[in-house]
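Participant: Sharing model_39.txt, compact mmCIF, C-alpha atoms (C1' of nucleotides):
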```
# COMPACT_ATOMS: atom_id res chain seq x y z
CA MET L 1 11.93 -18.28 -1.98
CA ASN L 2 13.65 -16.00 0.40
CA ILE L 3 10.93 -13.48 0.06
CA ASN L 4 9.36 -13.81 3.41
CA LYS L 5 12.68 -13.33 4.99
CA SER L 6 14.03 -10.55 2.89
CA CYS L 7 10.90 -8.88 1.79
CA SER L 8 9.01 -7.28 4.49
CA ASN L 9 11.10 -6.59 7.47
CA ASN L 10 11.87 -3.42 5.72
CA PRO L 11 10.94 -0.07 7.15
CA ASN L 12 10.97 1.56 3.77
CA TYR L 13 8.38 -0.68 2.31
CA ARG L 14 6.58 0.94 -0.58
CA GLN L 15 8.99 3.83 -0.62
CA GLN L 16 11.45 4.86 -3.20
CA GLN L 17 13.99 2.88 -1.25
CA PHE L 18 13.12 -0.75 -1.00
CA GLU L 19 14.86 -3.96 -0.39
CA GLN L 20 16.30 -3.84 -3.88
CA ASN L 21 15.94 -7.60 -4.01
CA CYS L 22 12.34 -8.44 -3.50
CA PRO L 23 10.29 -8.38 -6.69
CA ILE L 24 7.04 -8.16 -4.80
CA GLU L 25 8.16 -5.19 -2.82
CA TYR L 26 9.36 -3.59 -5.97
CA THR L 27 6.03 -3.96 -7.66
CA MET L 28 4.24 -2.74 -4.59
CA ALA L 29 6.53 0.26 -4.47
CA LEU L 30 5.32 1.10 -7.95
CA ILE L 31 1.62 0.45 -7.66
CA GLY L 32 1.08 0.33 -3.94
CA SER L 33 0.45 3.94 -3.14
CA LYS L 34 -2.94 5.41 -3.23
CA TRP L 35 -3.21 6.86 -6.71
CA SER L 36 -0.60 4.86 -8.61
CA ILE L 37 -2.90 2.38 -10.23
CA ALA L 38 -5.45 5.00 -11.14
CA ILE L 39 -2.75 7.00 -12.88
CA LEU L 40 -1.43 3.96 -14.69
CA ARG L 41 -4.88 2.93 -15.81
CA GLU L 42 -5.42 6.35 -17.21
CA LEU L 43 -2.14 6.28 -19.07
CA LEU L 44 -2.92 2.83 -20.39
CA LYS L 45 -5.75 4.48 -22.28
CA GLY L 46 -3.37 6.90 -23.88
CA ASP L 47 -1.01 9.80 -23.33
CA ARG L 48 -2.23 12.46 -20.97
CA ARG L 49 -1.42 15.99 -20.04
CA THR L 50 -1.13 16.87 -16.40
CA HIS L 51 -4.48 18.51 -16.08
CA GLU L 52 -6.12 15.69 -17.98
CA LEU L 53 -4.86 13.30 -15.36
CA ALA L 54 -6.01 15.61 -12.61
CA GLU L 55 -9.48 15.76 -14.10
CA ALA L 56 -9.67 12.03 -14.65
CA LEU L 57 -8.73 11.47 -11.01
CA PRO L 58 -11.16 13.56 -9.03
CA GLY L 59 -9.92 14.09 -5.54
CA ILE L 60 -6.21 13.86 -6.16
CA SER L 61 -4.14 16.78 -5.04
CA SER L 62 -1.71 18.38 -7.38
CA LYS L 63 1.06 17.61 -4.97
CA THR L 64 0.29 13.93 -4.87
CA LEU L 65 -0.19 13.75 -8.60
CA THR L 66 3.21 15.18 -9.39
CA LEU L 67 4.80 13.15 -6.66
CA ARG L 68 3.44 9.91 -8.05
CA LEU L 69 4.36 10.91 -11.56
CA ARG L 70 7.90 11.70 -10.53
CA THR L 71 8.27 8.40 -8.79
CA LEU L 72 6.91 6.45 -11.72
CA GLU L 73 9.19 8.37 -14.03
CA LYS L 74 12.16 7.68 -11.82
CA HIS L 75 11.54 3.97 -12.22
CA GLY L 76 11.16 4.18 -15.94
CA ILE L 77 7.48 3.37 -15.86
CA ILE L 78 6.32 6.55 -17.50
CA ARG L 79 7.87 9.16 -19.73
CA ARG L 80 7.54 12.88 -19.26
CA LYS L 81 7.66 15.14 -22.25
CA VAL L 82 7.93 18.86 -21.80
CA TYR L 83 6.91 21.13 -24.61
CA PRO L 84 8.50 24.46 -23.82
CA GLU L 85 5.53 26.64 -24.48
CA ILE L 86 3.58 29.23 -22.66
CA PRO L 87 1.46 28.17 -21.01
CA PRO L 88 3.45 25.05 -20.12
CA HIS L 89 2.60 21.79 -21.78
CA VAL L 90 3.61 18.48 -20.30
CA GLU L 91 2.59 15.12 -21.56
CA TYR L 92 2.94 11.78 -19.84
CA SER L 93 3.04 8.40 -21.48
CA LEU L 94 3.75 4.85 -20.47
CA THR L 95 7.06 3.34 -21.37
CA GLU L 96 7.38 -0.20 -22.60
CA LYS L 97 8.47 -1.11 -19.15
CA GLY L 98 5.41 0.53 -17.76
CA ARG L 99 3.11 -1.48 -19.95
CA GLU L 100 4.36 -4.62 -18.29
CA LEU L 101 2.45 -3.60 -15.24
CA GLN L 102 -0.82 -4.09 -17.01
CA PRO L 103 -1.20 -7.80 -16.31
CA ALA L 104 -0.60 -7.17 -12.64
CA ILE L 105 -3.28 -4.54 -12.55
CA ALA L 106 -5.61 -6.80 -14.46
CA ILE L 107 -5.15 -9.62 -11.99
CA LEU L 108 -5.69 -7.37 -9.04
CA LYS L 109 -8.99 -6.45 -10.58
CA GLN L 110 -10.01 -9.99 -11.46
CA VAL L 111 -9.18 -11.38 -8.08
CA GLY L 112 -10.95 -8.51 -6.40
CA GLN L 113 -14.07 -9.17 -8.40
CA ARG L 114 -14.11 -12.82 -7.48
CA LEU L 115 -13.50 -12.16 -3.83
CA LEU L 116 -16.08 -9.41 -3.71
CA SER L 117 -18.73 -11.64 -5.20
CA GLN L 118 -17.99 -14.27 -2.58
CA GLU L 119 -18.22 -11.67 0.12
CA GLU L 120 -21.69 -10.75 -1.04
CA ALA L 121 -22.70 -14.36 -1.38
CA PHE L 122 -21.92 -15.40 2.15
CA ARG L 123 -22.03 -12.12 4.02
CA PRO L 124 -20.04 -13.29 6.97
CA LEU L 125 -17.87 -10.19 7.22
CA LYS L 126 -17.53 -10.68 10.91
CA VAL L 127 -14.87 -12.46 12.82
CA ASN L 128 -15.93 -16.03 13.10
CA SER L 129 -13.15 -17.48 15.11
CA GLU L 130 -13.74 -21.07 15.78
CA VAL L 131 -13.06 -22.65 19.08
CA THR L 132 -12.10 -26.20 18.52
CA GLN L 133 -11.40 -29.08 20.80
CA ARG L 134 -7.91 -30.29 21.18
CA LYS L 135 -6.52 -31.55 17.96
CA GLU L 136 -5.95 -35.04 19.22
CA ALA L 137 -7.81 -35.81 22.39
CA MET Z 1 -14.38 0.93 -16.60
CA ASN Z 2 -15.47 3.32 -13.95
CA ILE Z 3 -12.57 2.39 -11.82
CA ASN Z 4 -10.53 5.49 -12.16
CA LYS Z 5 -13.49 7.52 -11.17
CA SER Z 6 -14.81 5.46 -8.34
CA CYS Z 7 -11.69 3.84 -7.15
CA SER Z 8 -9.20 6.11 -5.73
CA ASN Z 9 -10.67 9.30 -4.54
CA ASN Z 10 -11.26 7.42 -1.42
CA PRO Z 11 -9.66 8.45 1.82
CA ASN Z 12 -9.96 5.00 3.28
CA TYR Z 13 -7.93 3.36 0.63
CA ARG Z 14 -6.29 0.22 1.86
CA GLN Z 15 -8.22 0.31 5.08
CA GLN Z 16 -10.90 -1.93 6.37
CA GLN Z 17 -13.41 0.42 4.85
CA PHE Z 18 -13.10 0.77 1.11
CA GLU Z 19 -15.18 1.82 -1.78
CA GLN Z 20 -17.12 -1.42 -1.65
CA ASN Z 21 -17.29 -1.30 -5.43
CA CYS Z 22 -13.79 -1.24 -6.76
CA PRO Z 23 -12.22 -4.67 -7.09
CA ILE Z 24 -8.74 -3.26 -7.26
CA GLU Z 25 -9.18 -1.33 -4.09
CA TYR Z 26 -10.59 -4.40 -2.46
CA THR Z 27 -7.60 -6.49 -3.37
CA MET Z 28 -5.26 -3.76 -2.28
CA ALA Z 29 -7.08 -3.51 1.01
CA LEU Z 30 -6.26 -7.16 1.52
CA ILE Z 31 -2.66 -7.33 0.37
CA GLY Z 32 -1.64 -3.71 0.33
CA SER Z 33 -0.43 -3.24 3.84
CA LYS Z 34 3.09 -3.83 4.83
CA TRP Z 35 3.04 -7.41 6.06
CA SER Z 36 -0.03 -8.84 4.38
CA ILE Z 37 1.66 -10.58 1.52
CA ALA Z 38 4.39 -11.98 3.71
CA ILE Z 39 1.77 -13.48 5.99
CA LEU Z 40 -0.18 -14.90 3.11
CA ARG Z 41 2.90 -16.39 1.55
CA GLU Z 42 3.72 -18.08 4.79
CA LEU Z 43 0.24 -19.49 5.10
CA LEU Z 44 0.36 -20.66 1.52
CA LYS Z 45 3.09 -23.01 2.66
CA GLY Z 46 0.86 -24.46 5.33
CA ASP Z 47 -0.99 -23.78 8.54
CA ARG Z 48 0.90 -21.78 11.09
CA ARG Z 49 0.72 -20.98 14.76
CA THR Z 50 1.05 -17.40 15.83
CA HIS Z 51 4.59 -17.64 16.99
CA GLU Z 52 5.55 -19.52 13.87
CA LEU Z 53 4.37 -16.61 11.81
CA ALA Z 54 6.18 -14.21 14.05
CA GLU Z 55 9.39 -16.13 13.64
CA ALA Z 56 9.01 -16.43 9.91
CA LEU Z 57 8.50 -12.70 9.65
CA PRO Z 58 11.44 -11.17 11.44
CA GLY Z 59 10.77 -7.58 12.32
CA ILE Z 60 7.01 -7.73 12.60
CA SER Z 61 5.55 -6.57 15.87
CA SER Z 62 3.05 -8.70 17.67
CA LYS Z 63 0.59 -5.88 17.46
CA THR Z 64 0.84 -5.61 13.71
CA LEU Z 65 0.77 -9.35 13.27
CA THR Z 66 -2.49 -9.77 15.12
CA LEU Z 67 -3.94 -6.72 13.46
CA ARG Z 68 -3.22 -8.07 10.00
CA LEU Z 69 -4.48 -11.49 10.96
CA ARG Z 70 -7.73 -10.06 12.29
CA THR Z 71 -8.29 -8.08 9.16
CA LEU Z 72 -7.61 -11.02 6.91
CA GLU Z 73 -9.90 -13.12 9.00
CA LYS Z 74 -12.62 -10.52 8.85
CA HIS Z 75 -12.56 -10.76 5.10
CA GLY Z 76 -12.68 -14.51 5.07
CA ILE Z 77 -9.15 -14.83 3.75
CA ILE Z 78 -7.81 -16.84 6.64
CA ARG Z 79 -9.28 -19.01 9.36
CA ARG Z 80 -8.39 -18.86 13.00
CA LYS Z 81 -8.60 -21.95 15.11
CA VAL Z 82 -8.30 -21.69 18.85
CA TYR Z 83 -7.39 -24.74 20.85
CA PRO Z 84 -8.37 -23.94 24.40
CA GLU Z 85 -5.28 -25.13 26.11
CA ILE Z 86 -2.76 -23.75 28.45
CA PRO Z 87 -0.60 -22.32 27.16
CA PRO Z 88 -2.85 -21.01 24.40
CA HIS Z 89 -2.68 -22.58 21.00
CA VAL Z 90 -3.93 -20.77 17.92
CA GLU Z 91 -3.57 -21.91 14.38
CA TYR Z 92 -4.11 -19.95 11.22
CA SER Z 93 -4.90 -21.34 7.81
CA LEU Z 94 -5.95 -20.00 4.46
CA THR Z 95 -9.54 -20.37 3.41
CA GLU Z 96 -10.49 -21.32 -0.10
CA LYS Z 97 -11.21 -17.70 -0.70
CA GLY Z 98 -7.78 -16.84 0.56
CA ARG Z 99 -6.11 -19.20 -1.85
CA GLU Z 100 -7.54 -17.20 -4.69
CA LEU Z 101 -5.09 -14.49 -3.84
CA GLN Z 102 -2.20 -16.67 -4.86
CA PRO Z 103 -2.23 -15.83 -8.58
CA ALA Z 104 -2.22 -12.14 -7.75
CA ILE Z 105 0.78 -12.56 -5.52
CA ALA Z 106 2.50 -14.64 -8.14
CA ILE Z 107 2.01 -11.99 -10.78
CA LEU Z 108 3.25 -9.26 -8.52
CA LYS Z 109 6.39 -11.26 -8.13
CA GLN Z 110 6.79 -12.08 -11.82
CA VAL Z 111 6.27 -8.52 -12.92
CA GLY Z 112 8.62 -7.29 -10.28
CA GLN Z 113 11.31 -9.64 -11.45
CA ARG Z 114 10.99 -8.54 -15.04
CA LEU Z 115 11.01 -4.87 -14.15
CA LEU Z 116 13.92 -5.27 -11.80
CA SER Z 117 15.99 -6.97 -14.43
CA GLN Z 118 15.30 -4.12 -16.79
CA GLU Z 119 16.27 -1.66 -14.15
CA GLU Z 120 19.61 -3.35 -13.83
CA ALA Z 121 20.02 -3.58 -17.55
CA PHE Z 122 19.60 0.09 -18.30
CA ARG Z 123 20.48 1.68 -15.01
CA PRO Z 124 18.85 4.98 -15.74
CA LEU Z 125 17.15 5.27 -12.34
CA LYS Z 126 17.25 9.00 -12.57
CA VAL Z 127 14.68 11.37 -13.88
CA ASN Z 128 15.34 11.76 -17.53
CA SER Z 129 12.70 14.25 -18.48
CA GLU Z 130 12.94 15.08 -22.09
CA VAL Z 131 12.54 18.56 -23.37
CA THR Z 132 11.06 18.42 -26.78
CA GLN Z 133 10.34 20.95 -29.41
CA ARG Z 134 6.80 21.91 -30.11
CA LYS Z 135 4.81 19.01 -31.36
CA GLU Z 136 3.96 20.60 -34.66
CA ALA Z 137 6.17 23.51 -35.56
C1' DC D 1 -0.90 25.27 -17.11
C1' DA D 2 2.47 22.73 -14.40
C1' DG D 3 4.19 22.22 -10.17
C1' DG D 4 6.92 23.79 -6.09
C1' DA D 5 6.63 25.21 -0.98
C1' DT D 6 4.17 24.98 3.48
C1' DC D 7 1.40 23.54 6.89
C1' DC D 8 -1.34 20.06 8.86
C1' DC D 9 -3.44 15.63 10.02
C1' DG D 10 -4.65 10.66 10.27
C1' DT D 11 -2.96 6.50 10.86
C1' DA D 12 -0.14 2.46 10.15
C1' DC D 13 3.48 0.63 12.37
C1' DG D 14 7.09 -0.13 15.96
C1' DA D 15 8.62 -0.64 20.96
C1' DT D 16 7.52 -1.85 25.22
C1' DA D 17 5.14 -3.29 28.74
C1' DC D 18 1.47 -6.30 30.77
C1' DT D 19 -2.35 -10.24 31.23
C1' DG D 20 -4.78 -15.01 31.16
C1' DC H 1 1.85 -18.66 24.04
C1' DA H 2 -1.38 -15.38 22.25
C1' DG H 3 -2.96 -11.13 22.63
C1' DT H 4 -4.09 -6.26 24.40
C1' DA H 5 -2.89 -1.56 25.88
C1' DT H 6 -0.21 2.46 25.61
C1' DC H 7 2.82 5.58 23.83
C1' DG H 8 5.57 7.62 20.22
C1' DT H 9 6.76 8.41 15.43
C1' DA H 10 7.09 8.67 10.32
C1' DC H 11 5.03 9.65 6.44
C1' DG H 12 1.59 9.59 2.82
C1' DG H 13 -1.47 12.57 1.42
C1' DG H 14 -4.77 16.77 1.53
C1' DA H 15 -5.42 21.93 1.42
C1' DT H 16 -3.75 26.20 0.32
C1' DC H 17 -0.87 29.55 -1.58
C1' DC H 18 2.48 31.06 -4.88
C1' DT H 19 5.51 31.23 -9.20
C1' DG H 20 7.27 31.06 -14.12
```
As structure tokens, please, write out the structure in this file.
Facilitator:
Amino acid sequence: MNINKSCSNNPNYRQQQFEQNCPIEYTMALIGSKWSIAILRELLKGDRRTHELAEALPGISSKTLTLRLRTLEKHGIIRRKVYPEIPPHVEYSLTEKGRELQPAIAILKQVGQRLLSQEEAFRPLKVNSEVTQRKEA
Amino acid sequence: MNINKSCSNNPNYRQQQFEQNCPIEYTMALIGSKWSIAILRELLKGDRRTHELAEALPGISSKTLTLRLRTLEKHGIIRRKVYPEIPPHVEYSLTEKGRELQPAIAILKQVGQRLLSQEEAFRPLKVNSEVTQRKEA
DNA sequence: CAGGATCCCGTACGATACTG
DNA sequence: CAGTATCGTACGGGATCCTG
């Protein structure tokens, strides 16, 4: 596991350029930016036109939407189909490769649920640094 | 699944403050920032002193390291033990809650490996937008 | 309708000191 | 050794306007 070493001392973390070697960084580059997962979740439900995505993701800016879509496309995660009509018609769909992200997204959700429930249960949520006596003394 | 709706139109994504409801956002708040996973992976190997972490994570600044550690601690992911000695001695360890992040990290790695191998296999890596004829016509 | 071009801002992170 | 304080920067992302 050379991941700790090679992974994160990388200024371009979560950018188009990443360490090229670290699988974790690669995944994070795909799903780590703000709207990526939301877009992917939407496309997991089915193909979507641009404005359908925009409407399903209230708050996203058109700039960010296209930027994320371009990046995902670049990595072969989604496919972009242009129907040369007027008005324009563009449809996005997940590729097979893109569907492989689903388990990752699912786990992120599962783990989050478990951790959230624990957070509610104990309600510490504040720094509870312990001061301990010397280890051996 | 109200996640798309509630999840990501949130300006504080991946910050200490998050939507409080979305599990995915919560997980991303924990592991989404640059050095989080690297730190967690190191602590998964065993308890670590501050400088041990710093040395294992070449490139991280002391500021960022402590910031990440504080955040993780705040969420009950790690534990901070202070041995009041001179020179100071602080030791970090994963909590039980923190260990639950391991499967997520593992999946991120697995998925990344699979996707990376496909990337090498096909080497498209460029935008290959298709222009298609009208759907029905 | 899809999306490019600008302008702007918050902030996460790095570099570099400096303390107890 | 562990951590804070300060300063500077890059960049992700929002808002707005504009085009084919």
Participant: Write out as JSON lines the residues of chain L that have any atom within 8 Å of an atom of chain D, one row each with the nearest atom pair and its distance in Å to one decimal, counting all atoms listed in the file, sorted by chain and then rising number.
Facilitator:
```
{"residue": "L:Thr50", "atom": "CA", "partner": "D:DA2", "partner_atom": "C1'", "distance": 7.2}
{"residue": "L:His51", "atom": "CA", "partner": "D:DC1", "partner_atom": "C1'", "distance": 7.7}
{"residue": "L:Ser62", "atom": "CA", "partner": "D:DG3", "partner_atom": "C1'", "distance": 7.6}
{"residue": "L:Lys63", "atom": "CA", "partner": "D:DG3", "partner_atom": "C1'", "distance": 7.6}
{"residue": "L:Thr66", "atom": "CA", "partner": "D:DG3", "partner_atom": "C1'", "distance": 7.2}
{"residue": "L:Pro87", "atom": "CA", "partner": "D:DC1", "partner_atom": "C1'", "distance": 5.4}
{"residue": "L:Pro88", "atom": "CA", "partner": "D:DC1", "partner_atom": "C1'", "distance": 5.3}
{"residue": "L:His89", "atom": "CA", "partner": "D:DC1", "partner_atom": "C1'", "distance": 6.8}
{"residue": "L:Val90", "atom": "CA", "partner": "D:DA2", "partner_atom": "C1'", "distance": 7.4}
```
Participant: Can you write just those residues out, C-alpha atoms, as a CSV table (one decimal), keeping the file's coordinate frame?
Facilitator:
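Contents of part.csv, as written:
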```
chain,number,residue,atom,x,y,z
L,50,THR,CA,-1.1,16.9,-16.4
L,51,HIS,CA,-4.5,18.5,-16.1
L,62,SER,CA,-1.7,18.4,-7.4
L,63,LYS,CA,1.1,17.6,-5.0
L,66,THR,CA,3.2,15.2,-9.4
L,87,PRO,CA,1.5,28.2,-21.0
L,88,PRO,CA,3.4,25.0,-20.1
L,89,HIS,CA,2.6,21.8,-21.8
L,90,VAL,CA,3.6,18.5,-20.3
```
Participant: With only C-alpha atoms (C1' of nucleotides) as the basis for distance, which of L:Leu101, L:Ile60, L:Ile24, L:Leu40 is at the shortest distance from chain H?
Facilitator: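 Distance minimum relative to chain H lands on L:Ile60.
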Participant: Using all atoms listed in the file, find each residue in chain H having at least one atom no more than 9 Å away from chain L; report its shortest atom-to-atom pair and that distance in Å (one decimal), rows by chain then rising number, as a tab-separated table.
Facilitator:
```
residue	atom	partner	partner_atom	distance
H:DG12	C1'	L:Ser33	CA	8.3
H:DG13	C1'	L:Thr64	CA	6.7
H:DG14	C1'	L:Ser61	CA	6.6
H:DA15	C1'	L:Ser61	CA	8.4
```
Participant: When you draw a straight line from CA of Leu115 in chain Z to CA of Ala29 in chain L, how long is it in Å?
Facilitator: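 Those two atoms sit 11.8 Å apart.
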Participant: Do you have the CA of Pro58 in chain L-CA of Gly32 in chain Z distance handy?
Facilitator: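 Spanning CA of Pro58 in chain L to CA of Gly32 in chain Z is a straight-line distance of 21.8 Å.
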Participant: Taking all atoms listed in the file into account, which of L:Ala54, L:Leu69, L:Ala38, L:Ile31 comes nearest chain Z?
Facilitator: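 That would be L:Ala38, the residue with the smallest distance to chain Z.
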Participant: Suppose you want the space between CA of Lys97 in chain Z and CA of Glu25 in chain Z; what is it in Å?
Facilitator: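 Computing the Euclidean distance for CA of Lys97 in chain Z and CA of Glu25 in chain Z yields 16.8 Å.
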Participant: Would you please work out which residue, of L:Glu96, L:Glu91, L:Glu73, L:Glu55, is nearest to chain Z when using only C-alpha atoms?
Facilitator: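 Comparing L:Glu96, L:Glu91, L:Glu73, L:Glu55 against chain Z, the winner is L:Glu73.
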Participant: Using the partial input, fill out range 19-40 of chain L with N, CA, C and O atoms; write the result as a compact mmCIF listing (two decimals), in the frame of the given file.
Facilitator:
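Ended up saving to out_32.txt:
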```txt
# COMPACT_ATOMS: atom_id res chain seq x y z
N GLU L 19 13.85 -2.95 -0.68
CA GLU L 19 14.86 -3.96 -0.39
C GLU L 19 15.78 -4.25 -1.58
O GLU L 19 16.73 -4.94 -1.45
N GLN L 20 15.45 -3.73 -2.70
CA GLN L 20 16.30 -3.84 -3.88
C GLN L 20 16.35 -5.27 -4.40
O GLN L 20 16.81 -5.54 -5.49
N ASN L 21 15.84 -6.20 -3.62
CA ASN L 21 15.94 -7.60 -4.01
C ASN L 21 14.59 -8.25 -4.20
O ASN L 21 14.46 -9.18 -4.98
N CYS L 22 13.61 -7.76 -3.50
CA CYS L 22 12.34 -8.44 -3.50
C CYS L 22 11.43 -7.92 -4.61
O CYS L 22 11.05 -6.75 -4.60
N PRO L 23 11.12 -8.79 -5.55
CA PRO L 23 10.29 -8.38 -6.69
C PRO L 23 8.91 -7.90 -6.25
O PRO L 23 8.38 -6.95 -6.81
N ILE L 24 8.37 -8.56 -5.25
CA ILE L 24 7.04 -8.16 -4.80
C ILE L 24 7.08 -6.77 -4.21
O ILE L 24 6.25 -5.92 -4.51
N GLU L 25 8.04 -6.53 -3.38
CA GLU L 25 8.16 -5.19 -2.82
C GLU L 25 8.36 -4.17 -3.91
O GLU L 25 7.82 -3.06 -3.83
N TYR L 26 9.13 -4.53 -4.88
CA TYR L 26 9.36 -3.59 -5.97
C TYR L 26 8.07 -3.22 -6.67
O TYR L 26 7.75 -2.04 -6.86
N THR L 27 7.31 -4.23 -7.02
CA THR L 27 6.03 -3.96 -7.66
C THR L 27 5.13 -3.13 -6.77
O THR L 27 4.49 -2.18 -7.22
N MET L 28 5.09 -3.49 -5.51
CA MET L 28 4.24 -2.74 -4.59
C MET L 28 4.72 -1.30 -4.45
O MET L 28 3.92 -0.39 -4.25
N ALA L 29 6.02 -1.11 -4.54
CA ALA L 29 6.53 0.26 -4.47
C ALA L 29 6.01 1.08 -5.65
O ALA L 29 5.82 2.28 -5.55
N LEU L 30 5.78 0.39 -6.76
CA LEU L 30 5.32 1.10 -7.95
C LEU L 30 3.82 1.34 -7.93
O LEU L 30 3.35 2.42 -8.28
N ILE L 31 3.08 0.34 -7.54
CA ILE L 31 1.62 0.45 -7.66
C ILE L 31 0.92 0.48 -6.32
O ILE L 31 -0.30 0.54 -6.26
N GLY L 32 1.70 0.47 -5.24
CA GLY L 32 1.08 0.33 -3.94
C GLY L 32 0.53 1.60 -3.32
O GLY L 32 -0.29 1.54 -2.42
N SER L 33 0.96 2.74 -3.81
CA SER L 33 0.45 3.94 -3.14
C SER L 33 -0.87 4.39 -3.75
O SER L 33 -1.23 4.03 -4.87
N LYS L 34 -1.51 5.19 -3.01
CA LYS L 34 -2.94 5.41 -3.23
C LYS L 34 -3.38 5.64 -4.67
O LYS L 34 -4.34 5.05 -5.11
N TRP L 35 -2.71 6.49 -5.40
CA TRP L 35 -3.21 6.86 -6.71
C TRP L 35 -2.46 6.20 -7.86
O TRP L 35 -2.80 6.43 -9.04
N SER L 36 -1.46 5.39 -7.55
CA SER L 36 -0.60 4.86 -8.61
C SER L 36 -1.38 4.13 -9.68
O SER L 36 -1.26 4.40 -10.88
N ILE L 37 -2.20 3.20 -9.26
CA ILE L 37 -2.90 2.38 -10.23
C ILE L 37 -3.87 3.22 -11.05
O ILE L 37 -3.98 3.05 -12.27
N ALA L 38 -4.53 4.14 -10.41
CA ALA L 38 -5.45 5.00 -11.14
C ALA L 38 -4.71 5.77 -12.23
O ALA L 38 -5.18 5.89 -13.37
N ILE L 39 -3.54 6.27 -11.89
CA ILE L 39 -2.75 7.00 -12.88
C ILE L 39 -2.34 6.07 -14.02
O ILE L 39 -2.48 6.39 -15.20
N LEU L 40 -1.87 4.90 -13.66
CA LEU L 40 -1.43 3.96 -14.69
C LEU L 40 -2.58 3.55 -15.59
O LEU L 40 -2.43 3.45 -16.80
```
